[in-house]
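Source file: target.cif (mmCIF, C-alpha atoms)
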```
data_start
loop_
_atom_site.label_atom_id
_atom_site.label_comp_id
_atom_site.auth_asym_id
_atom_site.auth_seq_id
_atom_site.Cartn_x
_atom_site.Cartn_y
_atom_site.Cartn_z
CA MET A 8 103.35 108.35 91.88
CA PRO A 9 103.75 108.40 95.61
CA ALA A 10 107.05 106.91 96.64
CA GLY A 11 109.24 106.62 99.69
CA LYS A 12 107.71 108.24 102.74
CA HIS A 13 104.80 109.43 100.56
CA VAL A 14 103.76 105.94 99.45
CA THR A 15 100.83 106.07 101.91
CA MET A 16 98.79 109.24 101.75
CA THR A 17 96.23 110.08 104.38
CA LEU A 18 93.24 112.09 103.27
CA PRO A 19 90.81 113.90 105.56
CA MET A 20 87.79 111.96 104.31
CA ASP A 21 85.48 113.93 106.58
CA ALA A 22 86.46 117.10 104.66
CA VAL A 23 86.02 115.30 101.35
CA TYR A 24 82.58 114.08 102.35
CA SER A 25 81.30 117.22 104.05
CA GLY A 26 82.71 119.45 101.33
CA GLN A 27 81.16 117.23 98.66
CA LEU A 28 84.53 117.03 96.97
CA ALA A 29 85.43 114.67 94.17
CA LEU A 30 88.77 112.90 94.01
CA PHE A 31 90.34 112.11 90.67
CA GLY A 32 93.59 110.36 90.03
CA THR A 33 95.51 108.19 87.69
CA ARG A 34 97.73 105.21 87.97
CA GLY A 35 101.15 105.65 86.59
CA MET A 36 103.67 103.35 85.10
CA ALA A 37 106.98 102.58 86.73
CA ALA A 38 109.77 104.74 85.30
CA TRP A 39 111.90 101.69 84.49
CA ARG A 40 109.26 100.76 81.88
CA TYR A 41 109.45 104.10 80.02
CA PRO A 42 112.25 103.08 77.62
CA SER A 43 110.25 100.15 76.23
CA LEU A 44 107.18 102.36 75.77
CA LEU A 45 109.18 105.12 74.11
CA ASN A 46 110.80 102.54 71.82
CA LEU A 47 107.35 101.38 70.70
CA ILE A 48 106.32 104.96 69.97
CA GLU A 49 109.55 105.71 68.12
CA ALA A 50 109.12 102.56 66.01
CA GLY A 51 105.63 103.74 65.01
CA ARG A 52 103.94 100.79 66.70
CA VAL A 53 101.76 103.03 68.89
CA ASP A 54 99.53 105.66 67.30
CA LEU A 55 99.20 108.64 69.63
CA THR A 56 97.05 110.65 67.23
CA PRO A 57 93.78 109.81 69.04
CA LEU A 58 95.23 111.27 72.26
CA THR A 59 96.07 114.62 70.67
CA ALA A 60 93.28 117.13 71.23
CA ARG A 61 95.07 120.13 69.76
CA ARG A 62 98.44 121.26 68.46
CA VAL A 63 99.90 124.48 69.76
CA ALA A 64 102.96 126.60 69.17
CA LEU A 65 105.46 126.92 71.99
CA CYS A 66 104.72 130.64 72.23
CA ASP A 67 101.04 129.80 72.95
CA ALA A 68 101.68 127.01 75.45
CA SER A 69 101.40 129.26 78.52
CA ALA A 70 97.65 129.57 77.86
CA GLU A 71 97.15 125.79 78.10
CA PRO A 72 96.92 125.51 81.93
CA ALA A 73 93.68 127.54 81.73
CA ALA A 74 92.11 124.42 80.18
CA PHE A 75 92.20 122.86 83.66
CA ASP A 76 89.65 125.46 84.83
CA ARG A 77 86.89 124.32 82.48
CA PRO A 78 85.53 121.17 80.93
CA ALA A 79 87.60 120.11 77.95
CA PRO A 80 87.42 117.30 75.44
CA PRO A 81 89.60 114.28 76.08
CA GLY A 82 93.17 114.51 74.87
CA VAL A 83 96.25 116.59 75.40
CA ALA A 84 97.79 119.63 73.80
CA VAL A 85 100.98 118.86 71.92
CA ILE A 86 103.59 121.51 71.14
CA THR A 87 104.40 121.11 67.46
CA ASP A 88 105.88 124.49 66.60
CA PHE A 89 109.05 125.38 68.48
CA GLY A 90 109.81 128.50 66.42
CA ARG A 91 110.14 131.91 67.96
#
```

Re-express the file's structure as structure tokens.
Amino acid sequence: MPAGKHVTMTLPMDAVYSGQLALFGTRGMAAWRYPSLLNLIEAGRVDLTPLTARRVALCDASAEPAAFDRPAPPGVAVITDFGR
């Protein structure tokens, strides 16, 4: 989330338009609200299973950024094996 002097971001819209670029973004949640969200998850009141696209071992996690270079199904990779 942009904050402080970065709260207003200027974009060269002429470059976006002429380069036929697409802009994607998300809206975040204020950090002060994280504890209440994490408490809900910890209490089992929020099911995150639908958001999990795949489970990976920590030793395989370095390959995950390559997913940003191609279309991928919705969801995130979750590290579930922290063994060596």

What does the structure give for the distance between CA of Ala60 (chain A) and CA of Pro80 (chain A), in Å to one decimal?
7.2 Å

How many Å separate CA of Ala74 (chain A) from CA of Thr56 (chain A)?
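CA of Thr56 (chain A) lies 19.5 Å from CA of Ala74 (chain A).
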
Name the residues in contact with Ala84 (chain A) at a cut-off of 9 Å, using all atoms listed in the file, excluding same-chain residues fewer than 3 positions from it; report them as a PyMOL selection string.
chain A and resi 58-63+68+71

Report, in Å with one decimal, the straight-line distance from CA of Tyr24 (chain A) to CA of Phe75 (chain A).
22.8 Å

Answer key for the PyMOL selection byres ((chain A and resi 67) around 12), residues as a PDB file with C-alpha atoms, in the coordinates of the input:
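Dumped to result11.pdb:
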```
ATOM      1  CA  ARG A  61      95.070 120.130  69.760  1.00  0.00           C
ATOM      2  CA  ARG A  62      98.440 121.260  68.460  1.00  0.00           C
ATOM      3  CA  VAL A  63      99.900 124.480  69.760  1.00  0.00           C
ATOM      4  CA  ALA A  64     102.960 126.600  69.170  1.00  0.00           C
ATOM      5  CA  LEU A  65     105.460 126.920  71.990  1.00  0.00           C
ATOM      6  CA  CYS A  66     104.720 130.640  72.230  1.00  0.00           C
ATOM      7  CA  ALA A  68     101.680 127.010  75.450  1.00  0.00           C
ATOM      8  CA  SER A  69     101.400 129.260  78.520  1.00  0.00           C
ATOM      9  CA  ALA A  70      97.650 129.570  77.860  1.00  0.00           C
ATOM     10  CA  GLU A  71      97.150 125.790  78.100  1.00  0.00           C
ATOM     11  CA  PRO A  72      96.920 125.510  81.930  1.00  0.00           C
ATOM     12  CA  ALA A  73      93.680 127.540  81.730  1.00  0.00           C
ATOM     13  CA  ALA A  84      97.790 119.630  73.800  1.00  0.00           C
ATOM     14  CA  VAL A  85     100.980 118.860  71.920  1.00  0.00           C
ATOM     15  CA  ILE A  86     103.590 121.510  71.140  1.00  0.00           C
ATOM     16  CA  THR A  87     104.400 121.110  67.460  1.00  0.00           C
ATOM     17  CA  ASP A  88     105.880 124.490  66.600  1.00  0.00           C
ATOM     18  CA  PHE A  89     109.050 125.380  68.480  1.00  0.00           C
ATOM     19  CA  GLY A  90     109.810 128.500  66.420  1.00  0.00           C
ATOM     20  CA  ARG A  91     110.140 131.910  67.960  1.00  0.00           C
TER      21      ARG A  91
END
```

Which polymer residues, protein or nucleic acid, are no farther than 8 Å from (90.1, 108.7, 71.0), counting all atoms listed in the file, as a list of chain:residue names?
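Within the cut-off we find A:Pro57, A:Leu58, A:Pro81, A:Gly82.
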
Using only C-alpha atoms, can you tell me which of A:Asp76, A:Ile48, A:Ala38, A:Gln27 comes closest to Ala10 (chain A)?
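Of A:Asp76, A:Ile48, A:Ala38, A:Gln27, the one nearest Ala10 (chain A), counting only C-alpha atoms, is A:Ala38.
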
N, CA and C atoms modelled onto region 50-84 of chain A, as a PDB file, keeping the file's coordinate frame:
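That gives us rebuild.pdb:
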```pdb
ATOM      1  N   ALA A  50     109.196 103.516  67.109  1.00  0.00           N
ATOM      2  CA  ALA A  50     109.120 102.560  66.010  1.00  0.00           C
ATOM      3  C   ALA A  50     107.806 102.678  65.233  1.00  0.00           C
ATOM      4  N   GLY A  51     106.901 103.563  65.699  1.00  0.00           N
ATOM      5  CA  GLY A  51     105.630 103.740  65.010  1.00  0.00           C
ATOM      6  C   GLY A  51     104.622 102.638  65.305  1.00  0.00           C
ATOM      7  N   ARG A  52     104.844 101.888  66.353  1.00  0.00           N
ATOM      8  CA  ARG A  52     103.940 100.790  66.700  1.00  0.00           C
ATOM      9  C   ARG A  52     102.794 101.231  67.602  1.00  0.00           C
ATOM     10  N   VAL A  53     102.829 102.471  68.067  1.00  0.00           N
ATOM     11  CA  VAL A  53     101.760 103.030  68.890  1.00  0.00           C
ATOM     12  C   VAL A  53     101.327 104.342  68.254  1.00  0.00           C
ATOM     13  N   ASP A  54     100.051 104.443  67.919  1.00  0.00           N
ATOM     14  CA  ASP A  54      99.530 105.660  67.300  1.00  0.00           C
ATOM     15  C   ASP A  54      98.975 106.571  68.386  1.00  0.00           C
ATOM     16  N   LEU A  55      99.638 107.695  68.604  1.00  0.00           N
ATOM     17  CA  LEU A  55      99.200 108.640  69.630  1.00  0.00           C
ATOM     18  C   LEU A  55      98.240 109.688  69.112  1.00  0.00           C
ATOM     19  N   THR A  56      97.941 109.649  67.823  1.00  0.00           N
ATOM     20  CA  THR A  56      97.050 110.650  67.230  1.00  0.00           C
ATOM     21  C   THR A  56      95.715 110.770  67.955  1.00  0.00           C
ATOM     22  N   PRO A  57      95.066 109.671  68.345  1.00  0.00           N
ATOM     23  CA  PRO A  57      93.780 109.810  69.040  1.00  0.00           C
ATOM     24  C   PRO A  57      93.868 110.533  70.379  1.00  0.00           C
ATOM     25  N   LEU A  58      95.058 110.598  70.972  1.00  0.00           N
ATOM     26  CA  LEU A  58      95.230 111.270  72.260  1.00  0.00           C
ATOM     27  C   LEU A  58      95.446 112.767  72.117  1.00  0.00           C
ATOM     28  N   THR A  59      95.746 113.211  70.900  1.00  0.00           N
ATOM     29  CA  THR A  59      96.070 114.620  70.670  1.00  0.00           C
ATOM     30  C   THR A  59      94.796 115.411  70.433  1.00  0.00           C
ATOM     31  N   ALA A  60      94.485 116.307  71.350  1.00  0.00           N
ATOM     32  CA  ALA A  60      93.280 117.130  71.230  1.00  0.00           C
ATOM     33  C   ALA A  60      93.546 118.370  70.376  1.00  0.00           C
ATOM     34  N   ARG A  61      94.746 118.925  70.519  1.00  0.00           N
ATOM     35  CA  ARG A  61      95.070 120.130  69.760  1.00  0.00           C
ATOM     36  C   ARG A  61      96.585 120.277  69.675  1.00  0.00           C
ATOM     37  N   ARG A  62      97.010 120.983  68.663  1.00  0.00           N
ATOM     38  CA  ARG A  62      98.440 121.260  68.460  1.00  0.00           C
ATOM     39  C   ARG A  62      98.642 122.746  68.675  1.00  0.00           C
ATOM     40  N   VAL A  63      99.657 123.075  69.435  1.00  0.00           N
ATOM     41  CA  VAL A  63      99.900 124.480  69.760  1.00  0.00           C
ATOM     42  C   VAL A  63     101.366 124.822  69.520  1.00  0.00           C
ATOM     43  N   ALA A  64     101.594 126.094  69.298  1.00  0.00           N
ATOM     44  CA  ALA A  64     102.960 126.600  69.170  1.00  0.00           C
ATOM     45  C   ALA A  64     103.522 126.820  70.572  1.00  0.00           C
ATOM     46  N   LEU A  65     104.818 126.716  70.697  1.00  0.00           N
ATOM     47  CA  LEU A  65     105.460 126.920  71.990  1.00  0.00           C
ATOM     48  C   LEU A  65     105.101 128.279  72.573  1.00  0.00           C
ATOM     49  N   CYS A  66     105.026 129.294  71.735  1.00  0.00           N
ATOM     50  CA  CYS A  66     104.720 130.640  72.230  1.00  0.00           C
ATOM     51  C   CYS A  66     103.287 130.738  72.780  1.00  0.00           C
ATOM     52  N   ASP A  67     102.418 129.784  72.448  1.00  0.00           N
ATOM     53  CA  ASP A  67     101.040 129.800  72.950  1.00  0.00           C
ATOM     54  C   ASP A  67     100.810 128.808  74.092  1.00  0.00           C
ATOM     55  N   ALA A  68     101.829 128.074  74.459  1.00  0.00           N
ATOM     56  CA  ALA A  68     101.680 127.010  75.450  1.00  0.00           C
ATOM     57  C   ALA A  68     101.319 127.533  76.841  1.00  0.00           C
ATOM     58  N   SER A  69     101.685 128.748  77.174  1.00  0.00           N
ATOM     59  CA  SER A  69     101.400 129.260  78.520  1.00  0.00           C
ATOM     60  C   SER A  69      99.900 129.425  78.759  1.00  0.00           C
ATOM     61  N   ALA A  70      99.101 129.453  77.709  1.00  0.00           N
ATOM     62  CA  ALA A  70      97.650 129.570  77.860  1.00  0.00           C
ATOM     63  C   ALA A  70      97.005 128.210  78.158  1.00  0.00           C
ATOM     64  N   GLU A  71      97.715 127.134  77.945  1.00  0.00           N
ATOM     65  CA  GLU A  71      97.150 125.790  78.100  1.00  0.00           C
ATOM     66  C   GLU A  71      96.700 125.448  79.528  1.00  0.00           C
ATOM     67  N   PRO A  72      97.400 125.860  80.585  1.00  0.00           N
ATOM     68  CA  PRO A  72      96.920 125.510  81.930  1.00  0.00           C
ATOM     69  C   PRO A  72      95.505 126.022  82.220  1.00  0.00           C
ATOM     70  N   ALA A  73      95.053 127.042  81.527  1.00  0.00           N
ATOM     71  CA  ALA A  73      93.680 127.540  81.730  1.00  0.00           C
ATOM     72  C   ALA A  73      92.658 126.471  81.379  1.00  0.00           C
ATOM     73  N   ALA A  74      93.032 125.496  80.544  1.00  0.00           N
ATOM     74  CA  ALA A  74      92.110 124.420  80.180  1.00  0.00           C
ATOM     75  C   ALA A  74      91.708 123.594  81.401  1.00  0.00           C
ATOM     76  N   PHE A  75      92.533 123.607  82.456  1.00  0.00           N
ATOM     77  CA  PHE A  75      92.200 122.860  83.660  1.00  0.00           C
ATOM     78  C   PHE A  75      91.058 123.502  84.437  1.00  0.00           C
ATOM     79  N   ASP A  76      90.697 124.742  84.110  1.00  0.00           N
ATOM     80  CA  ASP A  76      89.650 125.460  84.830  1.00  0.00           C
ATOM     81  C   ASP A  76      88.271 125.276  84.215  1.00  0.00           C
ATOM     82  N   ARG A  77      88.186 124.505  83.149  1.00  0.00           N
ATOM     83  CA  ARG A  77      86.890 124.320  82.480  1.00  0.00           C
ATOM     84  C   ARG A  77      86.840 122.920  81.870  1.00  0.00           C
ATOM     85  N   PRO A  78      85.626 122.471  81.590  1.00  0.00           N
ATOM     86  CA  PRO A  78      85.530 121.170  80.930  1.00  0.00           C
ATOM     87  C   PRO A  78      86.233 121.226  79.572  1.00  0.00           C
ATOM     88  N   ALA A  79      86.885 120.167  79.218  1.00  0.00           N
ATOM     89  CA  ALA A  79      87.600 120.110  77.950  1.00  0.00           C
ATOM     90  C   ALA A  79      87.428 118.721  77.352  1.00  0.00           C
ATOM     91  N   PRO A  80      87.516 118.627  76.054  1.00  0.00           N
ATOM     92  CA  PRO A  80      87.420 117.300  75.440  1.00  0.00           C
ATOM     93  C   PRO A  80      88.616 116.447  75.834  1.00  0.00           C
ATOM     94  N   PRO A  81      88.466 115.151  75.745  1.00  0.00           N
ATOM     95  CA  PRO A  81      89.600 114.280  76.080  1.00  0.00           C
ATOM     96  C   PRO A  81      90.789 114.557  75.166  1.00  0.00           C
ATOM     97  N   GLY A  82      91.954 114.323  75.667  1.00  0.00           N
ATOM     98  CA  GLY A  82      93.170 114.510  74.870  1.00  0.00           C
ATOM     99  C   GLY A  82      94.081 115.542  75.478  1.00  0.00           C
ATOM    100  N   VAL A  83      95.251 115.655  74.899  1.00  0.00           N
ATOM    101  CA  VAL A  83      96.250 116.590  75.400  1.00  0.00           C
ATOM    102  C   VAL A  83      96.669 117.554  74.304  1.00  0.00           C
ATOM    103  N   ALA A  84      97.208 118.670  74.733  1.00  0.00           N
ATOM    104  CA  ALA A  84      97.790 119.630  73.800  1.00  0.00           C
ATOM    105  C   ALA A  84      99.230 119.199  73.541  1.00  0.00           C
TER     106      ALA A  84
END
```
